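Peer 1: This is run29.pdb, which holds PDB, C-alpha atoms and all ligand atoms:
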MODEL        1
ATOM      1  CA  MET A  44      35.128  -4.091  -4.566  1.00  0.00           C
ATOM      2  CA  ASN A  45      32.240  -3.273  -6.872  1.00  0.00           C
ATOM      3  CA  ARG A  46      30.122  -5.850  -5.111  1.00  0.00           C
ATOM      4  CA  GLN A  47      30.807  -4.197  -1.792  1.00  0.00           C
ATOM      5  CA  TYR A  48      29.746  -0.848  -3.114  1.00  0.00           C
ATOM      6  CA  SER A  49      26.542  -2.216  -4.581  1.00  0.00           C
ATOM      7  CA  ARG A  50      25.679  -3.939  -1.301  1.00  0.00           C
ATOM      8  CA  THR A  51      26.123  -0.654   0.524  1.00  0.00           C
ATOM      9  CA  ASP A  52      24.018   1.054  -2.141  1.00  0.00           C
ATOM     10  CA  ASP A  53      21.299  -1.531  -1.626  1.00  0.00           C
ATOM     11  CA  LEU A  54      21.321  -0.976   2.107  1.00  0.00           C
ATOM     12  CA  VAL A  55      21.138   2.779   1.729  1.00  0.00           C
ATOM     13  CA  ARG A  56      18.260   2.418  -0.743  1.00  0.00           C
ATOM     14  CA  GLN A  57      16.408   0.077   1.590  1.00  0.00           C
ATOM     15  CA  PHE A  58      16.854   2.436   4.485  1.00  0.00           C
ATOM     16  CA  ASP A  59      15.695   5.343   2.350  1.00  0.00           C
ATOM     17  CA  ALA A  60      12.580   3.361   1.404  1.00  0.00           C
ATOM     18  CA  VAL A  61      11.830   2.636   5.071  1.00  0.00           C
ATOM     19  CA  LEU A  62      12.073   6.326   5.937  1.00  0.00           C
ATOM     20  CA  ARG A  63       9.971   7.420   2.959  1.00  0.00           C
ATOM     21  CA  THR A  64       7.280   4.992   4.050  1.00  0.00           C
ATOM     22  CA  LEU A  65       7.228   5.629   7.780  1.00  0.00           C
ATOM     23  CA  VAL A  66       8.173   9.276   8.284  1.00  0.00           C
ATOM     24  CA  PRO A  67       5.073  11.498   7.986  1.00  0.00           C
ATOM     25  CA  ARG A  68       5.054  13.696   4.857  1.00  0.00           C
ATOM     26  CA  ALA A  69       8.133  11.963   3.430  1.00  0.00           C
ATOM     27  CA  ALA A  70       6.358  10.110   0.610  1.00  0.00           C
ATOM     28  CA  GLN A  71       6.511  12.031  -2.688  1.00  0.00           C
ATOM     29  CA  ALA A  72       3.889  11.101  -5.258  1.00  0.00           C
ATOM     30  CA  SER A  73       4.991  10.982  -8.889  1.00  0.00           C
ATOM     31  CA  ARG A  74       1.394  11.465 -10.137  1.00  0.00           C
ATOM     32  CA  PRO A  75      -0.950  14.171  -8.845  1.00  0.00           C
ATOM     33  CA  SER A  76      -3.682  13.040  -6.469  1.00  0.00           C
ATOM     34  CA  PRO A  77      -6.981  12.132  -8.155  1.00  0.00           C
ATOM     35  CA  ALA A  78      -8.594  14.374  -5.510  1.00  0.00           C
ATOM     36  CA  THR A  79      -7.999  17.420  -7.730  1.00  0.00           C
ATOM     37  CA  PRO A  80      -9.210  20.875  -6.637  1.00  0.00           C
ATOM     38  CA  GLU A  81     -12.306  20.427  -8.850  1.00  0.00           C
ATOM     39  CA  VAL A  82     -13.425  17.436  -6.766  1.00  0.00           C
ATOM     40  CA  ARG A  83     -15.464  18.935  -3.924  1.00  0.00           C
ATOM     41  CA  ASP A  84     -17.016  17.278  -0.893  1.00  0.00           C
ATOM     42  CA  GLU A  85     -20.578  17.853   0.198  1.00  0.00           C
ATOM     43  CA  ASP A  86     -21.233  18.853   3.803  1.00  0.00           C
ATOM     44  CA  MET A  87     -20.194  16.210   6.281  1.00  0.00           C
ATOM     45  CA  GLY A  88     -20.868  16.031  10.017  1.00  0.00           C
ATOM     46  CA  ASP A  89     -18.139  15.405  12.612  1.00  0.00           C
ATOM     47  CA  ALA A  90     -18.968  11.725  12.941  1.00  0.00           C
ATOM     48  CA  GLU A  91     -18.881  11.320   9.163  1.00  0.00           C
ATOM     49  CA  ARG A  92     -15.492  12.996   8.897  1.00  0.00           C
ATOM     50  CA  ARG A  93     -14.103  10.791  11.674  1.00  0.00           C
ATOM     51  CA  HIS A  94     -15.439   7.717   9.926  1.00  0.00           C
ATOM     52  CA  ALA A  95     -13.866   8.776   6.626  1.00  0.00           C
ATOM     53  CA  GLU A  96     -10.603   9.459   8.422  1.00  0.00           C
ATOM     54  CA  GLY A  97     -10.621   5.979  10.018  1.00  0.00           C
ATOM     55  CA  LEU A  98     -11.233   4.336   6.647  1.00  0.00           C
ATOM     56  CA  MET A  99      -8.497   6.357   4.950  1.00  0.00           C
ATOM     57  CA  ARG A 100      -6.121   5.484   7.799  1.00  0.00           C
ATOM     58  CA  ILE A 101      -6.761   1.802   7.078  1.00  0.00           C
ATOM     59  CA  ASN A 102      -6.033   2.384   3.384  1.00  0.00           C
ATOM     60  CA  HIS A 103      -2.867   4.281   4.227  1.00  0.00           C
ATOM     61  CA  THR A 104      -1.619   1.445   6.464  1.00  0.00           C
ATOM     62  CA  GLY A 105      -2.493  -0.990   3.672  1.00  0.00           C
ATOM     63  CA  GLU A 106      -0.110   0.964   1.454  1.00  0.00           C
ATOM     64  CA  VAL A 107       2.571   0.905   4.161  1.00  0.00           C
ATOM     65  CA  CYS A 108       2.187  -2.880   4.150  1.00  0.00           C
ATOM     66  CA  ALA A 109       2.369  -2.954   0.340  1.00  0.00           C
ATOM     67  CA  GLN A 110       5.624  -0.965   0.430  1.00  0.00           C
ATOM     68  CA  ALA A 111       7.117  -3.302   3.003  1.00  0.00           C
ATOM     69  CA  LEU A 112       5.956  -6.384   1.143  1.00  0.00           C
ATOM     70  CA  TYR A 113       7.458  -5.274  -2.169  1.00  0.00           C
ATOM     71  CA  GLN A 114      10.675  -4.183  -0.518  1.00  0.00           C
ATOM     72  CA  GLY A 115      10.999  -7.468   1.359  1.00  0.00           C
ATOM     73  CA  GLN A 116      10.331  -9.410  -1.832  1.00  0.00           C
ATOM     74  CA  GLY A 117      12.744  -7.286  -3.836  1.00  0.00           C
ATOM     75  CA  LEU A 118      15.436  -8.169  -1.320  1.00  0.00           C
ATOM     76  CA  THR A 119      15.108 -11.926  -1.772  1.00  0.00           C
ATOM     77  CA  ALA A 120      13.757 -12.258  -5.346  1.00  0.00           C
ATOM     78  CA  LYS A 121      16.004 -14.445  -7.457  1.00  0.00           C
ATOM     79  CA  LEU A 122      15.445 -13.172 -10.987  1.00  0.00           C
ATOM     80  CA  PRO A 123      16.617  -9.604 -11.640  1.00  0.00           C
ATOM     81  CA  GLU A 124      13.487  -8.875 -13.764  1.00  0.00           C
ATOM     82  CA  ILE A 125      11.292  -9.854 -10.842  1.00  0.00           C
ATOM     83  CA  ARG A 126      13.336  -7.707  -8.493  1.00  0.00           C
ATOM     84  CA  HIS A 127      12.975  -4.824 -10.918  1.00  0.00           C
ATOM     85  CA  GLN A 128       9.232  -5.347 -11.259  1.00  0.00           C
ATOM     86  CA  MET A 129       8.847  -5.341  -7.467  1.00  0.00           C
ATOM     87  CA  GLU A 130      10.717  -2.065  -7.229  1.00  0.00           C
ATOM     88  CA  GLU A 131       8.596  -0.486  -9.949  1.00  0.00           C
ATOM     89  CA  ALA A 132       5.357  -1.539  -8.265  1.00  0.00           C
ATOM     90  CA  ALA A 133       6.655  -0.209  -4.939  1.00  0.00           C
ATOM     91  CA  GLN A 134       7.163   3.153  -6.652  1.00  0.00           C
ATOM     92  CA  GLU A 135       3.511   3.218  -7.752  1.00  0.00           C
ATOM     93  CA  GLU A 136       2.400   2.347  -4.234  1.00  0.00           C
ATOM     94  CA  ILE A 137       4.262   5.454  -3.036  1.00  0.00           C
ATOM     95  CA  ASP A 138       1.670   7.504  -4.923  1.00  0.00           C
ATOM     96  CA  HIS A 139      -1.107   5.728  -3.058  1.00  0.00           C
ATOM     97  CA  LEU A 140       0.682   6.275   0.218  1.00  0.00           C
ATOM     98  CA  ALA A 141       1.056  10.005  -0.402  1.00  0.00           C
ATOM     99  CA  TRP A 142      -2.526  10.445  -1.699  1.00  0.00           C
ATOM    100  CA  CYS A 143      -3.988   8.697   1.366  1.00  0.00           C
ATOM    101  CA  GLU A 144      -1.829  10.717   3.716  1.00  0.00           C
ATOM    102  CA  ASP A 145      -2.868  13.986   2.043  1.00  0.00           C
ATOM    103  CA  ARG A 146      -6.504  13.052   2.375  1.00  0.00           C
ATOM    104  CA  ILE A 147      -6.122  12.081   6.057  1.00  0.00           C
ATOM    105  CA  THR A 148      -4.519  15.481   6.679  1.00  0.00           C
ATOM    106  CA  GLU A 149      -7.411  17.226   4.887  1.00  0.00           C
ATOM    107  CA  LEU A 150      -9.821  15.397   7.160  1.00  0.00           C
ATOM    108  CA  GLY A 151      -7.846  16.628  10.174  1.00  0.00           C
ATOM    109  CA  GLY A 152      -6.530  13.206  11.180  1.00  0.00           C
ATOM    110  CA  HIS A 153      -3.235  11.375  11.583  1.00  0.00           C
ATOM    111  CA  THR A 154      -1.743   8.227  10.063  1.00  0.00           C
ATOM    112  CA  SER A 155      -1.650   5.108  12.210  1.00  0.00           C
ATOM    113  CA  ARG A 156       0.778   4.885  15.109  1.00  0.00           C
ATOM    114  CA  LEU A 157       0.968   1.150  14.487  1.00  0.00           C
ATOM    115  CA  ASN A 158       2.553   1.575  11.049  1.00  0.00           C
ATOM    116  CA  PRO A 159       6.109   0.562  12.099  1.00  0.00           C
ATOM    117  CA  LEU A 160       4.723  -2.701  13.470  1.00  0.00           C
ATOM    118  CA  PHE A 161       2.806  -3.526  10.302  1.00  0.00           C
ATOM    119  CA  TYR A 162       5.774  -2.486   8.183  1.00  0.00           C
ATOM    120  CA  ALA A 163       8.065  -4.920  10.010  1.00  0.00           C
ATOM    121  CA  ALA A 164       5.589  -7.789   9.799  1.00  0.00           C
ATOM    122  CA  SER A 165       4.918  -7.245   6.085  1.00  0.00           C
ATOM    123  CA  PHE A 166       8.603  -6.866   5.255  1.00  0.00           C
ATOM    124  CA  GLY A 167       9.277 -10.224   6.929  1.00  0.00           C
ATOM    125  CA  LEU A 168       6.424 -11.902   5.054  1.00  0.00           C
ATOM    126  CA  GLY A 169       7.618 -10.465   1.750  1.00  0.00           C
ATOM    127  CA  ALA A 170      11.212 -11.544   2.312  1.00  0.00           C
ATOM    128  CA  LEU A 171      10.005 -15.024   3.242  1.00  0.00           C
ATOM    129  CA  ALA A 172       7.817 -15.304   0.136  1.00  0.00           C
ATOM    130  CA  GLY A 173      10.705 -14.087  -2.020  1.00  0.00           C
ATOM    131  CA  ALA A 174      13.037 -16.637  -0.448  1.00  0.00           C
ATOM    132  CA  VAL A 175      10.602 -19.502  -1.126  1.00  0.00           C
ATOM    133  CA  GLY A 176      10.606 -18.630  -4.822  1.00  0.00           C
ATOM    134  CA  ASP A 177       9.640 -16.024  -7.361  1.00  0.00           C
ATOM    135  CA  ARG A 178       6.425 -17.746  -8.464  1.00  0.00           C
ATOM    136  CA  VAL A 179       5.173 -17.952  -4.876  1.00  0.00           C
ATOM    137  CA  SER A 180       6.251 -14.389  -4.281  1.00  0.00           C
ATOM    138  CA  LEU A 181       4.355 -13.178  -7.354  1.00  0.00           C
ATOM    139  CA  GLY A 182       1.347 -15.250  -6.311  1.00  0.00           C
ATOM    140  CA  PHE A 183       1.475 -13.544  -2.948  1.00  0.00           C
ATOM    141  CA  VAL A 184       1.426 -10.151  -4.668  1.00  0.00           C
ATOM    142  CA  ALA A 185      -1.574 -11.190  -6.795  1.00  0.00           C
ATOM    143  CA  ALA A 186      -3.509 -12.517  -3.789  1.00  0.00           C
ATOM    144  CA  THR A 187      -2.684  -9.421  -1.729  1.00  0.00           C
ATOM    145  CA  GLU A 188      -3.660  -6.995  -4.489  1.00  0.00           C
ATOM    146  CA  GLU A 189      -6.952  -8.817  -5.053  1.00  0.00           C
ATOM    147  CA  GLN A 190      -7.682  -8.538  -1.360  1.00  0.00           C
ATOM    148  CA  VAL A 191      -6.795  -4.846  -1.318  1.00  0.00           C
ATOM    149  CA  GLY A 192      -9.127  -4.394  -4.303  1.00  0.00           C
ATOM    150  CA  ARG A 193     -12.012  -5.919  -2.343  1.00  0.00           C
ATOM    151  CA  HIS A 194     -11.237  -3.637   0.605  1.00  0.00           C
ATOM    152  CA  LEU A 195     -11.230  -0.594  -1.641  1.00  0.00           C
ATOM    153  CA  ASP A 196     -14.613  -1.527  -3.131  1.00  0.00           C
ATOM    154  CA  ALA A 197     -16.057  -1.974   0.354  1.00  0.00           C
ATOM    155  CA  HIS A 198     -14.610   1.354   1.505  1.00  0.00           C
ATOM    156  CA  MET A 199     -15.996   3.224  -1.515  1.00  0.00           C
ATOM    157  CA  ASP A 200     -19.442   2.014  -0.387  1.00  0.00           C
ATOM    158  CA  ALA A 201     -18.794   2.698   3.304  1.00  0.00           C
ATOM    159  CA  LEU A 202     -17.505   6.268   2.950  1.00  0.00           C
ATOM    160  CA  PRO A 203     -19.969   9.048   3.838  1.00  0.00           C
ATOM    161  CA  PRO A 204     -22.051   9.866   0.721  1.00  0.00           C
ATOM    162  CA  GLY A 205     -20.643  13.416   0.569  1.00  0.00           C
ATOM    163  CA  ASP A 206     -16.966  12.365   0.682  1.00  0.00           C
ATOM    164  CA  HIS A 207     -16.118  12.660  -2.993  1.00  0.00           C
ATOM    165  CA  ARG A 208     -12.422  13.426  -2.476  1.00  0.00           C
ATOM    166  CA  SER A 209     -11.619  10.196  -0.616  1.00  0.00           C
ATOM    167  CA  ARG A 210     -13.658   8.264  -3.158  1.00  0.00           C
ATOM    168  CA  ALA A 211     -11.689   9.776  -6.063  1.00  0.00           C
ATOM    169  CA  VAL A 212      -8.435   8.567  -4.476  1.00  0.00           C
ATOM    170  CA  LEU A 213      -9.766   5.062  -3.815  1.00  0.00           C
ATOM    171  CA  ARG A 214     -11.163   4.738  -7.334  1.00  0.00           C
ATOM    172  CA  GLN A 215      -7.737   5.301  -8.927  1.00  0.00           C
ATOM    173  CA  MET A 216      -6.047   3.043  -6.373  1.00  0.00           C
ATOM    174  CA  ALA A 217      -8.468   0.223  -7.225  1.00  0.00           C
ATOM    175  CA  ILE A 218      -7.542   0.560 -10.923  1.00  0.00           C
ATOM    176  CA  ASP A 219      -3.803   0.426 -10.100  1.00  0.00           C
ATOM    177  CA  GLU A 220      -4.117  -2.539  -7.721  1.00  0.00           C
ATOM    178  CA  ALA A 221      -6.068  -4.583 -10.267  1.00  0.00           C
ATOM    179  CA  HIS A 222      -3.249  -3.899 -12.722  1.00  0.00           C
ATOM    180  CA  HIS A 223      -0.620  -5.003 -10.178  1.00  0.00           C
ATOM    181  CA  ALA A 224      -2.503  -8.257  -9.587  1.00  0.00           C
ATOM    182  CA  GLU A 225      -2.737  -8.960 -13.339  1.00  0.00           C
ATOM    183  CA  GLN A 226       0.954  -8.225 -13.862  1.00  0.00           C
ATOM    184  CA  ALA A 227       1.981 -10.563 -11.054  1.00  0.00           C
ATOM    185  CA  LEU A 228      -0.077 -13.430 -12.483  1.00  0.00           C
ATOM    186  CA  ALA A 229       1.152 -12.730 -16.018  1.00  0.00           C
ATOM    187  CA  ALA A 230       4.745 -12.844 -14.760  1.00  0.00           C
ATOM    188  CA  GLY A 231       4.157 -16.401 -13.552  1.00  0.00           C
ATOM    189  CA  GLY A 232       2.646 -15.995 -10.107  1.00  0.00           C
ATOM    190  CA  VAL A 233       0.877 -19.069  -8.737  1.00  0.00           C
ATOM    191  CA  ARG A 234      -2.793 -18.755  -7.796  1.00  0.00           C
ATOM    192  CA  PHE A 235      -3.090 -19.213  -4.062  1.00  0.00           C
ATOM    193  CA  PRO A 236      -5.571 -21.827  -2.820  1.00  0.00           C
ATOM    194  CA  ALA A 237      -8.684 -20.629  -0.964  1.00  0.00           C
ATOM    195  CA  PRO A 238      -7.511 -21.636   2.569  1.00  0.00           C
ATOM    196  CA  VAL A 239      -4.365 -19.502   2.208  1.00  0.00           C
ATOM    197  CA  LYS A 240      -6.504 -16.593   1.026  1.00  0.00           C
ATOM    198  CA  ALA A 241      -8.820 -17.103   4.012  1.00  0.00           C
ATOM    199  CA  GLY A 242      -5.795 -16.877   6.331  1.00  0.00           C
ATOM    200  CA  MET A 243      -4.778 -13.634   4.649  1.00  0.00           C
ATOM    201  CA  THR A 244      -8.281 -12.231   5.116  1.00  0.00           C
ATOM    202  CA  LEU A 245      -8.108 -13.041   8.819  1.00  0.00           C
ATOM    203  CA  ALA A 246      -4.720 -11.311   9.155  1.00  0.00           C
ATOM    204  CA  SER A 247      -6.019  -8.230   7.346  1.00  0.00           C
ATOM    205  CA  ARG A 248      -8.961  -8.063   9.741  1.00  0.00           C
ATOM    206  CA  VAL A 249      -6.532  -7.653  12.645  1.00  0.00           C
ATOM    207  CA  MET A 250      -5.010  -4.702  10.819  1.00  0.00           C
ATOM    208  CA  THR A 251      -8.264  -3.003   9.841  1.00  0.00           C
ATOM    209  CA  ARG A 252      -9.805  -3.301  13.333  1.00  0.00           C
ATOM    210  CA  SER A 253      -6.791  -1.833  15.129  1.00  0.00           C
ATOM    211  CA  VAL A 254      -5.887   0.894  12.635  1.00  0.00           C
ATOM    212  CA  TYR A 255      -9.400   2.388  12.273  1.00  0.00           C
ATOM    213  CA  LYS A 256      -8.951   4.012  15.702  1.00  0.00           C
ATOM    214  CA  LEU A 257      -5.178   4.038  16.256  1.00  0.00           C
TER     215      LEU A 257
HETATM  216 FE    FE B 301      -1.531   0.523  -3.486  1.00  0.00          FE
HETATM  217 FE    FE B 302      -0.678  -2.425  -5.586  1.00  0.00          FE
ENDMDL
END
Once you've parsed the file, please lay out its structure as structure tokens.
Ligand SMILES: [Fe+2]
Ligand SMILES: [Fe+2]
Peer 2:
Amino acid sequence: MNRQYSRTDDLVRQFDAVLRTLVPRAAQASRPSPATPEVRDEDMGDAERRHAEGLMRINHTGEVCAQALYQGQGLTAKLPEIRHQMEEAAQEEIDHLAWCEDRITELGGHTSRLNPLFYAASFGLGALAGAVGDRVSLGFVAATEEQVGRHLDAHMDALPPGDHRSRAVLRQMAIDEAHHAEQALAAGGVRFPAPVKAGMTLASRVMTRSVYKL
């Protein structure tokens, strides 16, 4: 009986996580956004604002993917500690999700309409990695977080010079992602070989190209 209840609980929690990730304004950050009221932008032109919005939309979708990945992995992870760690990391990614969404709203934009698609694909990948084994799954987290870190660095350079508020958000995200990558390796994650990483880079390019506008 207990087992049945906990399975239902799991399903409800999963469904709740899907909604929190995909429904606009549903993500609740547990830490305040690094774009505090004291952080002020300099004047930006229309084209600059649109560019910043496109970049922040990419970062937001990246966080949607991170949510889905962690949730998929949490579903199939074998060791309870690993499952727990995945859930904890997913909670931190919720902050990133909410911060990016807030910033997109400030810039007068919208989050990507393709998010449900990327959520589904990432959830599947995460569940698959988790099913293969915890060490592969953790390695996948490490490789993904390293890649996200590189994206964030590139975006901090590419943002309009006057966009200090987006940059403040990305700076804190980069710190958190580096920590996630370290944790995953310390917990026993395998280091992915270069060709696998190259494949991941290619896949992420598909996402970044489509989401910048949509
Ligand atoms: Fe994140
Ligand atoms: Fe992360």
Peer 1: Using only C-alpha atoms, determine which residues lie at most 9 Å from segment 227-238 of chain A, disregarding the query and same-chain residues fewer than 4 positions distant; provide the list as a list in words.
Peer 2: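 Residues near the query, excluding close chain neighbours: Ile125, Gln128, Asp177, Arg178, Val179, Ser180, Leu181, Gly182, Phe183, Val184, Ala185, Ala186, His222, His223, Gly242 and Met243 of chain A.
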Peer 1: List all protein, DNA and RNA residues that have any atom at most 10 Å from ligand FE 302 (chain B), counting all atoms listed in the file, and write the list as a list of chain:residue names.
Peer 2: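 Going residue by residue within 10 Å of ligand FE 302 (chain B), we get A:Gly105, A:Glu106, A:Ala109, A:Gln110, A:Tyr113, A:Ala132, A:Ala133, A:Gln134, A:Glu135, A:Glu136, A:Ile137, A:His139, A:Val184, A:Ala185, A:Thr187, A:Glu188, A:Glu189, A:Val191, A:Gly192, A:Met216, A:Ala217, A:Ile218, A:Asp219, A:Glu220, A:Ala221, A:His222, A:His223, A:Ala224.
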Peer 1: Check the smallest atom-to-atom distance from each of A:Leu195, A:Leu150, A:Leu160, A:Val61 to ligand FE 301 (chain B) using all atoms listed in the file, then report the winner.
Peer 2: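 Of all the options, A:Leu195 lies closest to ligand FE 301 (chain B).
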Peer 1: Do you have, as a tab-separated table, the list of residues of segment 99-164 of chain A lying at most 8 Å from segment 67-70 of chain A, each with its nearest atom pair and that distance in Å to one decimal, counting all atoms listed in the file and ordered by chain then number?
Peer 2:
residue	atom	partner	partner_atom	distance
A:Ile137	CA	A:Ala70	CA	6.3
A:Asp138	CA	A:Ala70	CA	7.7
A:Leu140	CA	A:Ala70	CA	6.9
A:Ala141	CA	A:Ala70	CA	5.4
A:Glu144	CA	A:Arg68	CA	7.6
A:Thr154	CA	A:Pro67	CA	7.8
Peer 1: One decimal, in Å: what's the spacing between atom CA of Leu65 of chain A and atom CA of Thr251 of chain A?
Peer 2: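 Spanning atom CA of Leu65 of chain A to atom CA of Thr251 of chain A is a straight-line distance of 17.9 Å.
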Peer 1: Could you state which residues are captured by the PyMOL selection byres (((chain A and resi 209-214) around 9) and not hetatm) in this file, as a count of residues only?
Peer 2: 28
Peer 1: Give me, please, the distance in Å between atom CA of Thr119 of chain A and atom CA of Arg193 of chain A, quoted to one decimal.
Peer 2: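 Taking atom CA of Thr119 of chain A as the start and atom CA of Arg193 of chain A as the end point, the length is 27.8 Å.
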Peer 1: Using all atoms listed in the file, can you tell me which of A:Val249, A:Gly169, A:Leu112, A:Val175 comes closest to ligand FE 301 (chain B)?
Peer 2: A:Leu112
Peer 1: Point out the residue among A:Ala111, A:Val239, A:Leu98, A:Leu54 with the least atom-to-atom distance to ligand FE 301 (chain B), counting only C-alpha atoms and all ligand atoms.
Peer 2: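 For ligand FE 301 (chain B), the nearest of the candidates is A:Ala111.
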Peer 1: Have a look at atom CA of His103 of chain A and atom CA of Gly88 of chain A and let me know their distance in Å, one decimal.
Peer 2: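 Distance between the two atoms: 22.3 Å.
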Peer 1: For Val66 of chain A, which residue out of A:Gly173, A:Pro203, A:Gly152, A:Pro159 is the nearest one, using all atoms listed in the file?
Peer 2: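 For Val66 of chain A, the nearest of the given residues is A:Pro159.
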Peer 1: Give me the residues within 9 Å of Val254 of chain A as a list of chain:residue names, counting only C-alpha atoms and dropping any in the same chain fewer than 2 places off.
Peer 2: A:Gly97, A:Leu98, A:Arg100, A:Ile101, A:Thr104, A:Thr154, A:Ser155, A:Arg156, A:Leu157, A:Asn158, A:Val249, A:Met250, A:Thr251, A:Arg252, A:Lys256, A:Leu257
Peer 1: Looking at only C-alpha atoms and all ligand atoms, which of A:Lys121, A:His194, A:Arg83, A:Arg248 is the one that sits closest to ligand FE 301 (chain B)?
Peer 2: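 That would be A:His194, the residue with the smallest distance to ligand FE 301 (chain B).
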Peer 1: Pick the closest to ligand FE 301 (chain B) from A:Ala120, A:Arg63, A:Gln190, A:Val55: which is it, counting all atoms listed in the file?
Peer 2: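 Among A:Ala120, A:Arg63, A:Gln190, A:Val55, it is A:Gln190 that comes nearest to ligand FE 301 (chain B).
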Peer 1: Around segment 130-141 of chain A, with edges along x, y and z and 5 Å added on all six sides, what centre and edge lengths do you get, in Å to one decimal, as lines of an AutoDock Vina configuration file?
Peer 2:
center_x = 4.8
center_y = 4.0
center_z = -4.9
size_x = 21.8
size_y = 22.1
size_z = 20.2
